[in-house]
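Okay, data-v5.txt now, which holds compact mmCIF, C-alpha atoms:
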# COMPACT_ATOMS: atom_id res chain seq x y z
CA MET P 1034 48.09 -2.02 -1.62
CA LYS P 1035 47.31 1.31 0.12
CA ASN P 1036 47.71 3.15 -3.17
CA ILE P 1037 45.27 0.79 -4.88
CA LEU P 1038 42.72 1.28 -2.09
CA ARG P 1039 43.11 5.07 -2.19
CA LYS P 1040 42.81 5.14 -5.96
CA HIS P 1041 39.70 2.94 -6.10
CA TRP P 1042 37.99 3.70 -2.78
CA SER P 1043 34.80 5.03 -4.39
CA THR P 1044 34.44 1.95 -6.60
CA ILE P 1045 35.05 -0.33 -3.62
CA ALA P 1046 32.54 1.62 -1.48
CA LEU P 1047 29.87 1.40 -4.19
CA GLY P 1048 30.55 -2.33 -4.54
CA VAL P 1049 30.14 -2.88 -0.79
CA ILE P 1050 26.89 -0.88 -0.77
CA ALA P 1051 25.57 -2.86 -3.74
CA VAL P 1052 26.38 -6.16 -2.03
CA LEU P 1053 24.71 -5.00 1.21
CA LEU P 1054 21.53 -4.10 -0.65
CA PHE P 1055 21.21 -7.72 -1.76
CA VAL P 1056 21.54 -9.12 1.77
CA PRO P 1057 17.88 -9.23 2.92
CA GLN P 1058 18.56 -8.47 6.58
CA ILE P 1059 20.44 -5.31 5.62
CA GLY P 1060 19.06 -4.44 2.20
CA MET P 1061 15.36 -4.42 3.10
CA PRO P 1062 15.65 -1.80 5.89
CA ILE P 1063 17.82 0.40 3.65
CA LYS P 1064 15.29 0.15 0.80
CA VAL P 1065 12.36 0.83 3.16
CA PHE P 1066 14.14 3.87 4.62
CA TYR P 1067 14.83 5.21 1.13
CA ASN P 1068 11.16 4.76 0.15
CA GLU P 1069 10.04 6.53 3.31
CA LEU P 1070 12.24 9.48 2.35
CA ILE P 1071 10.74 9.77 -1.13
CA ALA P 1072 7.10 9.00 -0.19
CA PHE P 1073 4.73 11.64 -1.52
CA ASN P 1074 1.20 12.75 -0.77
CA PRO P 1075 -1.29 10.83 -2.88
CA SER P 1076 -3.06 13.02 -5.40
CA GLU P 1077 -6.70 13.09 -6.31
CA ILE P 1078 -7.68 12.25 -9.88
CA SER P 1079 -9.36 15.17 -11.65
CA GLU P 1080 -13.15 14.76 -11.69
CA GLU P 1081 -13.37 14.41 -15.45
CA LYS P 1082 -10.90 11.49 -15.36
CA GLN P 1083 -12.42 9.63 -12.40
CA GLU P 1084 -13.77 6.22 -13.33
CA VAL P 1085 -16.73 4.63 -11.59
CA LEU P 1086 -16.07 1.13 -10.30
CA GLN P 1087 -18.59 -0.90 -12.28
CA ASN P 1088 -18.06 -4.28 -10.69
CA TYR P 1089 -17.72 -4.81 -6.95
CA ASP P 1090 -17.88 -8.59 -7.26
CA TRP P 1091 -14.52 -9.71 -5.89
CA ASN P 1092 -14.13 -12.64 -3.55
CA LEU P 1093 -11.36 -12.30 -0.98
CA ILE P 1094 -10.21 -14.46 1.92
CA ALA P 1095 -9.81 -13.20 5.48
CA LYS P 1096 -8.40 -15.84 7.86
CA ASP P 1097 -10.05 -18.67 5.90
CA ASN P 1098 -13.37 -16.80 5.68
CA ALA P 1099 -14.62 -15.67 2.28
CA ILE P 1100 -15.87 -12.11 1.90
CA ASN P 1101 -16.91 -10.10 -1.11
CA LEU P 1102 -16.12 -6.50 -1.98
CA LYS P 1103 -19.84 -6.06 -2.75
CA ARG P 1104 -20.34 -5.38 0.97
CA SER P 1105 -18.56 -2.04 0.45
CA LYS P 1106 -20.73 -0.71 -2.36
CA GLY P 1107 -22.05 2.70 -1.30
CA LYS P 1108 -19.25 3.23 1.25
CA VAL P 1109 -15.95 5.09 1.18
CA THR P 1110 -13.40 2.35 0.54
CA LEU P 1111 -9.61 2.16 0.54
CA ILE P 1112 -7.98 -0.79 -1.24
CA ASN P 1113 -4.22 -1.33 -0.93
CA MET P 1114 -2.41 -4.02 -2.95
CA TRP P 1115 0.83 -4.93 -1.21
CA ALA P 1116 3.36 -7.61 -0.18
CA THR P 1117 5.61 -8.14 2.83
CA TRP P 1118 8.72 -8.37 0.61
CA CYS P 1119 8.04 -5.06 -1.18
CA PRO P 1120 10.08 -2.13 0.27
CA PRO P 1121 7.71 0.63 -0.99
CA CYS P 1122 4.77 -1.33 0.47
CA VAL P 1123 6.46 -1.69 3.85
CA ALA P 1124 7.51 1.98 3.79
CA GLU P 1125 3.93 3.25 3.50
CA MET P 1126 2.42 0.86 6.07
CA PRO P 1127 2.89 3.12 9.13
CA SER P 1128 0.96 5.95 7.45
CA LEU P 1129 -1.78 3.55 6.33
CA GLN P 1130 -2.02 2.13 9.87
CA SER P 1131 -2.43 5.67 11.21
CA LEU P 1132 -5.19 6.41 8.70
CA TYR P 1133 -6.86 3.11 9.60
CA ASN P 1134 -6.62 3.92 13.33
CA ASP P 1135 -8.58 7.14 12.78
CA TYR P 1136 -11.02 6.07 10.05
CA GLY P 1137 -11.33 2.28 10.43
CA ASP P 1138 -14.88 2.55 11.73
CA GLN P 1139 -16.02 4.88 8.90
CA VAL P 1140 -14.06 3.71 5.84
CA ASP P 1141 -13.89 0.12 4.55
CA PHE P 1142 -10.21 -0.82 4.39
CA TYR P 1143 -8.89 -3.72 2.31
CA PHE P 1144 -5.20 -4.58 2.46
CA ILE P 1145 -4.83 -7.25 -0.20
CA THR P 1146 -1.89 -9.57 -0.79
CA GLY P 1147 -1.22 -12.74 -2.74
CA GLU P 1148 1.04 -14.16 -0.04
CA GLU P 1149 0.44 -17.07 2.30
CA GLN P 1150 -1.49 -16.46 5.51
CA LYS P 1151 1.38 -17.55 7.80
CA VAL P 1152 3.79 -15.09 6.13
CA VAL P 1153 1.27 -12.25 6.48
CA ASP P 1154 0.49 -13.15 10.11
CA ALA P 1155 4.18 -13.17 11.04
CA PHE P 1156 4.70 -9.77 9.37
CA MET P 1157 1.62 -8.24 11.03
CA ASN P 1158 2.61 -9.54 14.47
CA LYS P 1159 6.21 -8.37 14.12
CA LYS P 1160 5.16 -4.87 13.05
CA GLY P 1161 2.13 -4.59 15.35
CA TYR P 1162 -0.28 -3.68 12.53
CA THR P 1163 -4.00 -4.14 13.11
CA PHE P 1164 -5.55 -3.26 9.76
CA PRO P 1165 -7.55 -6.00 7.97
CA VAL P 1166 -5.59 -8.12 5.49
CA TYR P 1167 -7.26 -10.13 2.77
CA LEU P 1168 -5.73 -12.80 0.59
CA GLN P 1169 -6.32 -12.54 -3.12
CA ARG P 1170 -7.10 -15.85 -4.76
CA PHE P 1171 -9.32 -14.48 -7.52
CA SER P 1172 -8.76 -11.72 -10.08
CA PRO P 1173 -9.92 -8.24 -9.11
CA PRO P 1174 -12.46 -6.24 -11.08
CA SER P 1175 -10.78 -4.93 -14.25
CA GLN P 1176 -10.61 -1.33 -12.99
CA LEU P 1177 -8.58 -2.50 -9.98
CA GLU P 1178 -6.10 -4.59 -11.94
CA GLY P 1179 -2.46 -3.64 -12.07
CA ASN P 1180 1.03 -5.04 -12.24
CA THR P 1181 2.67 -2.77 -9.68
CA ILE P 1182 2.67 -2.85 -5.91
CA PRO P 1183 1.89 -0.98 -3.87
CA THR P 1184 -1.17 0.35 -5.63
CA THR P 1185 -3.86 2.02 -3.55
CA PHE P 1186 -7.37 3.06 -4.54
CA LEU P 1187 -9.64 5.44 -2.64
CA ILE P 1188 -13.24 5.02 -3.78
CA ASP P 1189 -16.12 7.32 -2.86
CA LYS P 1190 -19.69 6.32 -1.93
CA GLU P 1191 -20.78 6.52 -5.59
CA GLY P 1192 -18.02 4.15 -6.67
CA LYS P 1193 -15.78 6.84 -8.21
CA ILE P 1194 -12.08 6.02 -8.00
CA VAL P 1195 -10.91 9.29 -6.49
CA ILE P 1196 -7.29 8.26 -5.93
CA ARG P 1197 -5.26 5.60 -7.73
CA GLU P 1198 -1.72 5.78 -6.42
CA THR P 1199 1.23 3.55 -7.27
CA GLY P 1200 4.38 3.55 -5.16
CA ALA P 1201 5.06 4.53 -1.57
CA ALA P 1202 2.87 7.40 -0.41
CA ASP P 1203 2.23 9.29 2.81
CA TRP P 1204 -1.36 8.33 3.57
CA ASP P 1205 -1.30 10.16 6.91
CA SER P 1206 -0.93 13.62 5.35
CA GLU P 1207 -3.31 16.50 6.06
CA GLU P 1208 -4.23 16.59 2.37
CA THR P 1209 -5.24 12.92 2.31
CA ARG P 1210 -7.21 13.26 5.53
CA ALA P 1211 -9.07 16.25 4.06
CA ILE P 1212 -10.04 14.17 1.02
CA VAL P 1213 -11.24 11.27 3.20
CA LYS P 1214 -13.25 13.63 5.43
CA ARG P 1215 -14.84 15.30 2.37
CA LEU P 1216 -15.82 11.89 0.95
CA LEU P 1217 -17.31 10.80 4.28
CA ASP P 1218 -19.28 14.07 4.62
CA SER P 1219 -20.74 13.86 1.10
CA GLU P 1220 -24.30 12.65 0.66

As structure tokens - that is how I would like this structure written.
Amino acid sequence: MKNILRKHWSTIALGVIAVLLFVPQIGMPIKVFYNELIAFNPSEISEEKQEVLQNYDWNLIAKDNAINLKRSKGKVTLINMWATWCPPCVAEMPSLQSLYNDYGDQVDFYFITGEEQKVVDAFMNKKGYTFPVYLQRFSPPSQLEGNTIPTTFLIDKEGKIVIRETGAADWDSEETRAIVKRLLDSE
């Protein structure tokens, strides 16, 4: 038996790791940690490729109150599509919370999920996050549609989509803060 274990230890170890990744209580933290390690700085879209958001008409729900994205037209806006069960989403949340802490009174933040309110509330309370979460019950404007989460958009005052980032990113980087400050300072 010892000889079999010695001969196949790497296969056994990989099998154990694979099984652990599928156990939610163990797998989720491992996947989040991995995504934190590989998170990158979001990059700005070149000016010639920036699209202007044509339609701000998007109804969202915040704690049973309807709001519309139209209220953010003419403002710097960050929209993050996410879910509590998504490891890359969870991995980037601390950096987004930090950005929100510093710019929440100057930038309109929308953290949008398709999950149930009670699931979102439990997650927010457990993690201590304070950013505003909106429930998506209606389709977004076509320029904000996507099949991947997390996807984050940074939109300037003129409606230009300056950043469209998919996957875990470090939103608390100096580079990102410089972009946000530049957008806020623009006329």

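For P:Gly1200, the list of residues within 7 Å, based on only C-alpha atoms and with local chain neighbours fewer than 2 positions off taken out, reads Pro1121, Ile1182, Pro1183, Thr1184, Glu1198 and Ala1202 of chain P.
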
Fill in: Residue nearest P:Tyr1089 - candidates P:Ile1188, P:Met1157, P:Val1152, P:Leu1216, atoms counted: all atoms listed in the file
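Closest to P:Tyr1089, using all atoms listed in the file: P:Ile1188.
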
Practice prompt. Extract, using all atoms listed in the file, all DNA, RNA and protein residues at most 12 Å from P:Asn1098, discarding same-chain residues fewer than 4 positions from it, and format them as a ChimeraX atom specification.
Written response: /P:1092-1094,1150,1166-1168

Write out, as a compact mmCIF listing (two decimals), in the frame of the given file, the residues just selected, with C-alpha atoms.
# COMPACT_ATOMS: atom_id res chain seq x y z
CA ASN P 1092 -14.13 -12.64 -3.55
CA LEU P 1093 -11.36 -12.30 -0.98
CA ILE P 1094 -10.21 -14.46 1.92
CA GLN P 1150 -1.49 -16.46 5.51
CA VAL P 1166 -5.59 -8.12 5.49
CA TYR P 1167 -7.26 -10.13 2.77
CA LEU P 1168 -5.73 -12.80 0.59

Worksheet item: Of the residues P:Lys1193, P:Pro1173, P:Asn1158, P:Leu1132, which is the one nearest to P:Glu1081, using all atoms listed in the file?
Response: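 Selected residue with least distance to P:Glu1081: P:Lys1193.
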
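Distance annotation: of P:Leu1129, P:Ser1076, P:Gln1139, P:Gly1147, the residue with the minimal separation from P:Thr1163 is P:Leu1129; atom set is only C-alpha atoms.
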
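With only C-alpha atoms as the atoms that count, the minimum distance from P:Lys1096 to the choices P:Asp1135, P:Glu1149, P:Asp1141, P:Glu1125 is reached by P:Glu1149.
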
Practice prompt. Kindly indicate which residue among P:Asp1097, P:Leu1102, P:Gln1130, P:Ile1063 lies nearest to P:Asp1203, using all atoms listed in the file for the distances.
Written response: P:Gln1130

Fill in: Selected residue of minimal separation from P:Tyr1162 among P:Leu1187, P:Ile1112, P:Leu1217, P:Met1126, counting all atoms listed in the file
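Of P:Leu1187, P:Ile1112, P:Leu1217, P:Met1126, the one nearest P:Tyr1162, counting all atoms listed in the file, is P:Met1126.
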
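The two atoms in question, atom CA of P:Glu1207 and atom CA of P:Gly1161, are spaced 23.7 Å apart.
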